[in-house]
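A quick write-up on the structure given underneath.
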Amino acid sequence: MDKLDSMLLKLKDTSEFMVDLAYSSLLYNNRDIAEEVINLEVQMDKLGDEIQKTLLEMAKENPESVTKAFVVLRLQIAIEDIANAAASIADVVLRGYADSPVIQMSIKESEWTIERATVSDDSVLRDKTLGEMRLWSHCGMFVMAIKRGAQYIFRPDRWTTLREGDVLIAIGPEESADHFMALSDGSKKEF
Amino acid sequence: MNDDEHSHSNRMEATVRELLTEMKDASEAIVDLAYASLMYNSRDMADKVHEMDDDIDNMKFEIRTKVIMAGRSKEDARDMTGVLQVASAADRISEAAGEIVKLLDVPKEERPFINEIINESDEKIMMIRISRRSDMAGNTIDQLAVEASTGTKIIAMKNRYGWIYNPDGDVKIRAGDDLIVNGSQDGFNRLKKFASGDCPWEFPEAESEEE
């Protein structure tokens with residue numbers, strides 16, 4: 001996979017994750033999550049520009065690559081559209097329009113919540129893999145993504161190690177949320 | 001507001017809610033289906049994408065009409081502004097899916113990198129056919145608890161009646177059906193064994209797991 005393909009892959013993954021997050025932010029009326037969508041949108045714009053420049057250079061150097069450039073461009077535009085649509089959903093939340101009963105009662109998985117928690121230096125989660133901690137079976141929360149610095153890890157797997165400062169985005173039943181937050185910030189040590 | 005008007009407005013809300021839910025679900029499934037159509041070079045799936053795109057477009061108009069008719073107060077208008085924004089976002093997503101499947105017009109040999117990218121994605125998709133030897137055949141999706149048993153989710157399927165997306169749990173799976181699923185590679189491998197009949201399905205114990 002060359003550099004262009006990797007950029008396109010990242011663009012695709014990010015757009016799909018944005019749609020997930022955007023609908024979640026709406027259903028749980030959660031501003032933190034909506035903000036994440038907007039952050040990602042900024043990254044998408046940069047990546048889109050970079051892809052377009054790469055395409056132009058590629059087509060200039062090698063006229064035979066015009067078809068590929070065309071396909072990538074079309075795909076990139078469609079993916080950016082999806083990302084923009086996700087951002088416009090998050091915007092509903094950020095502007096405070098998501099508390100309408102119609103939206104809240106649409107398929108919200110009853111009593112579920114989405115949370116953003118930071119792994120502290122004395123958290124039991126620190127330096128452990130998701131597989132070891134089994135947060136889903138032990139505490140009922142499913143980690144959808146990890147934000148590490150400016151980077152996101154979407155759909156982390158059981159081998160993903162949690163580090164100090166990682167921001168975990170997790171969904172689960174409301175009654176599990178406090179426990180999960182306490183494990184992350186280090187105030188609770190036991191599952 | 002008298003009782004009659006009140007029940008009218010509740011009914012309207014219920015309809016809008018249903019439409020919005022439907023649009024959300026469809027907008028999520030349609031993108032997966034669009035990528036699957038490129039991956040399997042399938043006009044058939046692309047047609048389904050266009051059909052869903054049209055449906056979503058119609059739903060958007062229906063929601064607008066309902067919402068405009070129902071507005072009685074500033075509060076209603078505020079509530080419905082968010083609804084309209086979400087409906088149009090869902091529509092934009094489905095239009096983008098329509099654009100993606102247009103790439104089928106480019107010969108398959110000219111776009112091999114698309115399959116590579118889809119295969120490397122966080123959200124992988126795969127199509128699988130149910131063999132006559134598979135004991136999945138004849139059971140509903142709920143009976144099989146496909147998602148819980150394999151970690152893969154059926155986003156669309158084609159049976160003798162045509163394509164359906166986000167099939168309900170009471171839809172029966174039959175030999176010859178094509179399933180489009182998303183999930184992990186591990187999950188695909190498991191599902192493949194069951195669907196081909198190489199492995200007997202492990203029916204879930206009758207335990208009271210969460211729904």
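Chain lettering (A, B, ...) mirrors the order of the structure tokens, residue numbering begins at 1 for each chain separately, and ligand numbering begins at 1 in order of display.
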Determine which residues of chain A sit within 9 Å of chain B, taking into account only C-alpha atoms, and present them as a ChimeraX atom specification.
/A:1,5-6,8-10,12-13,16,19-20,23,67-68,71-72,74-75,77-89,92-93,96-103,105-107,154-155
Please provide the set of residues having any atom within 6 Å of Gly172 in chain A, restricted to only C-alpha atoms, with same-chain residues fewer than 2 positions apart removed, written as a compact mmCIF listing (two decimals) with N, CA and C atoms, in the first residue's frame.
```txt
# COMPACT_ATOMS: atom_id res chain seq x y z
N TRP A 112 -28.53 3.96 28.06
CA TRP A 112 -27.11 3.87 27.73
C TRP A 112 -26.50 5.27 27.69
N THR A 113 -25.22 5.29 27.82
CA THR A 113 -24.55 6.57 27.81
C THR A 113 -23.22 6.45 27.09
N GLY A 140 -18.81 -3.35 31.98
CA GLY A 140 -19.97 -3.04 31.14
C GLY A 140 -19.75 -1.92 30.14
N MET A 141 -18.52 -1.40 30.07
CA MET A 141 -18.29 -0.30 29.13
C MET A 141 -17.46 -0.79 27.94
```
Residues within 10 Å of Leu21 in chain A, only C-alpha atoms, excluding chain neighbours under 4 positions, as a PyMOL selection string:
chain A and resi 15-17+25-27+33-37+86-87+89-90+114+144-145+169
With N, CA and C atoms retained, could you export that selection as a PDB file, in the first residue's frame?
```pdb
ATOM      1  N   SER A  15     -13.929   8.939   8.419  1.00  0.00           N
ATOM      2  CA  SER A  15     -15.298   9.351   8.085  1.00  0.00           C
ATOM      3  C   SER A  15     -16.315   8.406   8.723  1.00  0.00           C
ATOM      4  N   GLU A  16     -16.012   7.107   8.717  1.00  0.00           N
ATOM      5  CA  GLU A  16     -16.962   6.155   9.283  1.00  0.00           C
ATOM      6  C   GLU A  16     -17.079   6.338  10.790  1.00  0.00           C
ATOM      7  N   PHE A  17     -15.928   6.577  11.392  1.00  0.00           N
ATOM      8  CA  PHE A  17     -15.946   6.782  12.827  1.00  0.00           C
ATOM      9  C   PHE A  17     -16.700   8.070  13.177  1.00  0.00           C
ATOM     10  N   SER A  25     -23.341  11.207  19.627  1.00  0.00           N
ATOM     11  CA  SER A  25     -23.408  12.494  20.327  1.00  0.00           C
ATOM     12  C   SER A  25     -24.839  13.011  20.327  1.00  0.00           C
ATOM     13  N   LEU A  26     -25.542  12.736  19.252  1.00  0.00           N
ATOM     14  CA  LEU A  26     -26.923  13.199  19.124  1.00  0.00           C
ATOM     15  C   LEU A  26     -27.847  12.433  20.074  1.00  0.00           C
ATOM     16  N   LEU A  27     -27.718  11.098  20.053  1.00  0.00           N
ATOM     17  CA  LEU A  27     -28.628  10.280  20.848  1.00  0.00           C
ATOM     18  C   LEU A  27     -28.392  10.473  22.336  1.00  0.00           C
ATOM     19  N   ILE A  33     -18.557  14.610  22.927  1.00  0.00           N
ATOM     20  CA  ILE A  33     -18.424  13.724  21.778  1.00  0.00           C
ATOM     21  C   ILE A  33     -18.630  14.519  20.479  1.00  0.00           C
ATOM     22  N   ALA A  34     -19.583  15.440  20.529  1.00  0.00           N
ATOM     23  CA  ALA A  34     -19.813  16.283  19.348  1.00  0.00           C
ATOM     24  C   ALA A  34     -18.551  17.081  19.012  1.00  0.00           C
ATOM     25  N   GLU A  35     -17.867  17.550  20.058  1.00  0.00           N
ATOM     26  CA  GLU A  35     -16.620  18.285  19.825  1.00  0.00           C
ATOM     27  C   GLU A  35     -15.563  17.418  19.161  1.00  0.00           C
ATOM     28  N   GLU A  36     -15.519  16.150  19.559  1.00  0.00           N
ATOM     29  CA  GLU A  36     -14.566  15.226  18.925  1.00  0.00           C
ATOM     30  C   GLU A  36     -14.835  15.128  17.424  1.00  0.00           C
ATOM     31  N   VAL A  37     -16.117  15.101  17.077  1.00  0.00           N
ATOM     32  CA  VAL A  37     -16.472  15.020  15.652  1.00  0.00           C
ATOM     33  C   VAL A  37     -15.921  16.234  14.911  1.00  0.00           C
ATOM     34  N   ALA A  86     -21.584  14.301   8.905  1.00  0.00           N
ATOM     35  CA  ALA A  86     -21.413  13.929  10.317  1.00  0.00           C
ATOM     36  C   ALA A  86     -21.204  15.178  11.162  1.00  0.00           C
ATOM     37  N   ALA A  87     -20.377  16.100  10.664  1.00  0.00           N
ATOM     38  CA  ALA A  87     -20.119  17.329  11.414  1.00  0.00           C
ATOM     39  C   ALA A  87     -21.403  18.149  11.572  1.00  0.00           C
ATOM     40  N   ILE A  89     -24.325  16.969  11.895  1.00  0.00           N
ATOM     41  CA  ILE A  89     -25.124  16.329  12.955  1.00  0.00           C
ATOM     42  C   ILE A  89     -24.584  16.757  14.332  1.00  0.00           C
ATOM     43  N   ALA A  90     -23.251  16.748  14.447  1.00  0.00           N
ATOM     44  CA  ALA A  90     -22.635  17.168  15.713  1.00  0.00           C
ATOM     45  C   ALA A  90     -22.984  18.623  16.026  1.00  0.00           C
ATOM     46  N   ILE A 114     -22.693   7.582  26.681  1.00  0.00           N
ATOM     47  CA  ILE A 114     -21.367   7.584  26.077  1.00  0.00           C
ATOM     48  C   ILE A 114     -20.505   8.500  26.929  1.00  0.00           C
ATOM     49  N   MET A 144     -14.908   2.473  22.341  1.00  0.00           N
ATOM     50  CA  MET A 144     -15.051   2.644  20.882  1.00  0.00           C
ATOM     51  C   MET A 144     -13.776   3.202  20.268  1.00  0.00           C
ATOM     52  N   ALA A 145     -13.099   4.058  21.027  1.00  0.00           N
ATOM     53  CA  ALA A 145     -11.932   4.725  20.458  1.00  0.00           C
ATOM     54  C   ALA A 145     -11.053   5.277  21.567  1.00  0.00           C
ATOM     55  N   ILE A 169     -13.056   6.822  24.736  1.00  0.00           N
ATOM     56  CA  ILE A 169     -14.452   7.106  24.412  1.00  0.00           C
ATOM     57  C   ILE A 169     -15.185   5.778  24.483  1.00  0.00           C
TER      58      ILE A 169
END
```
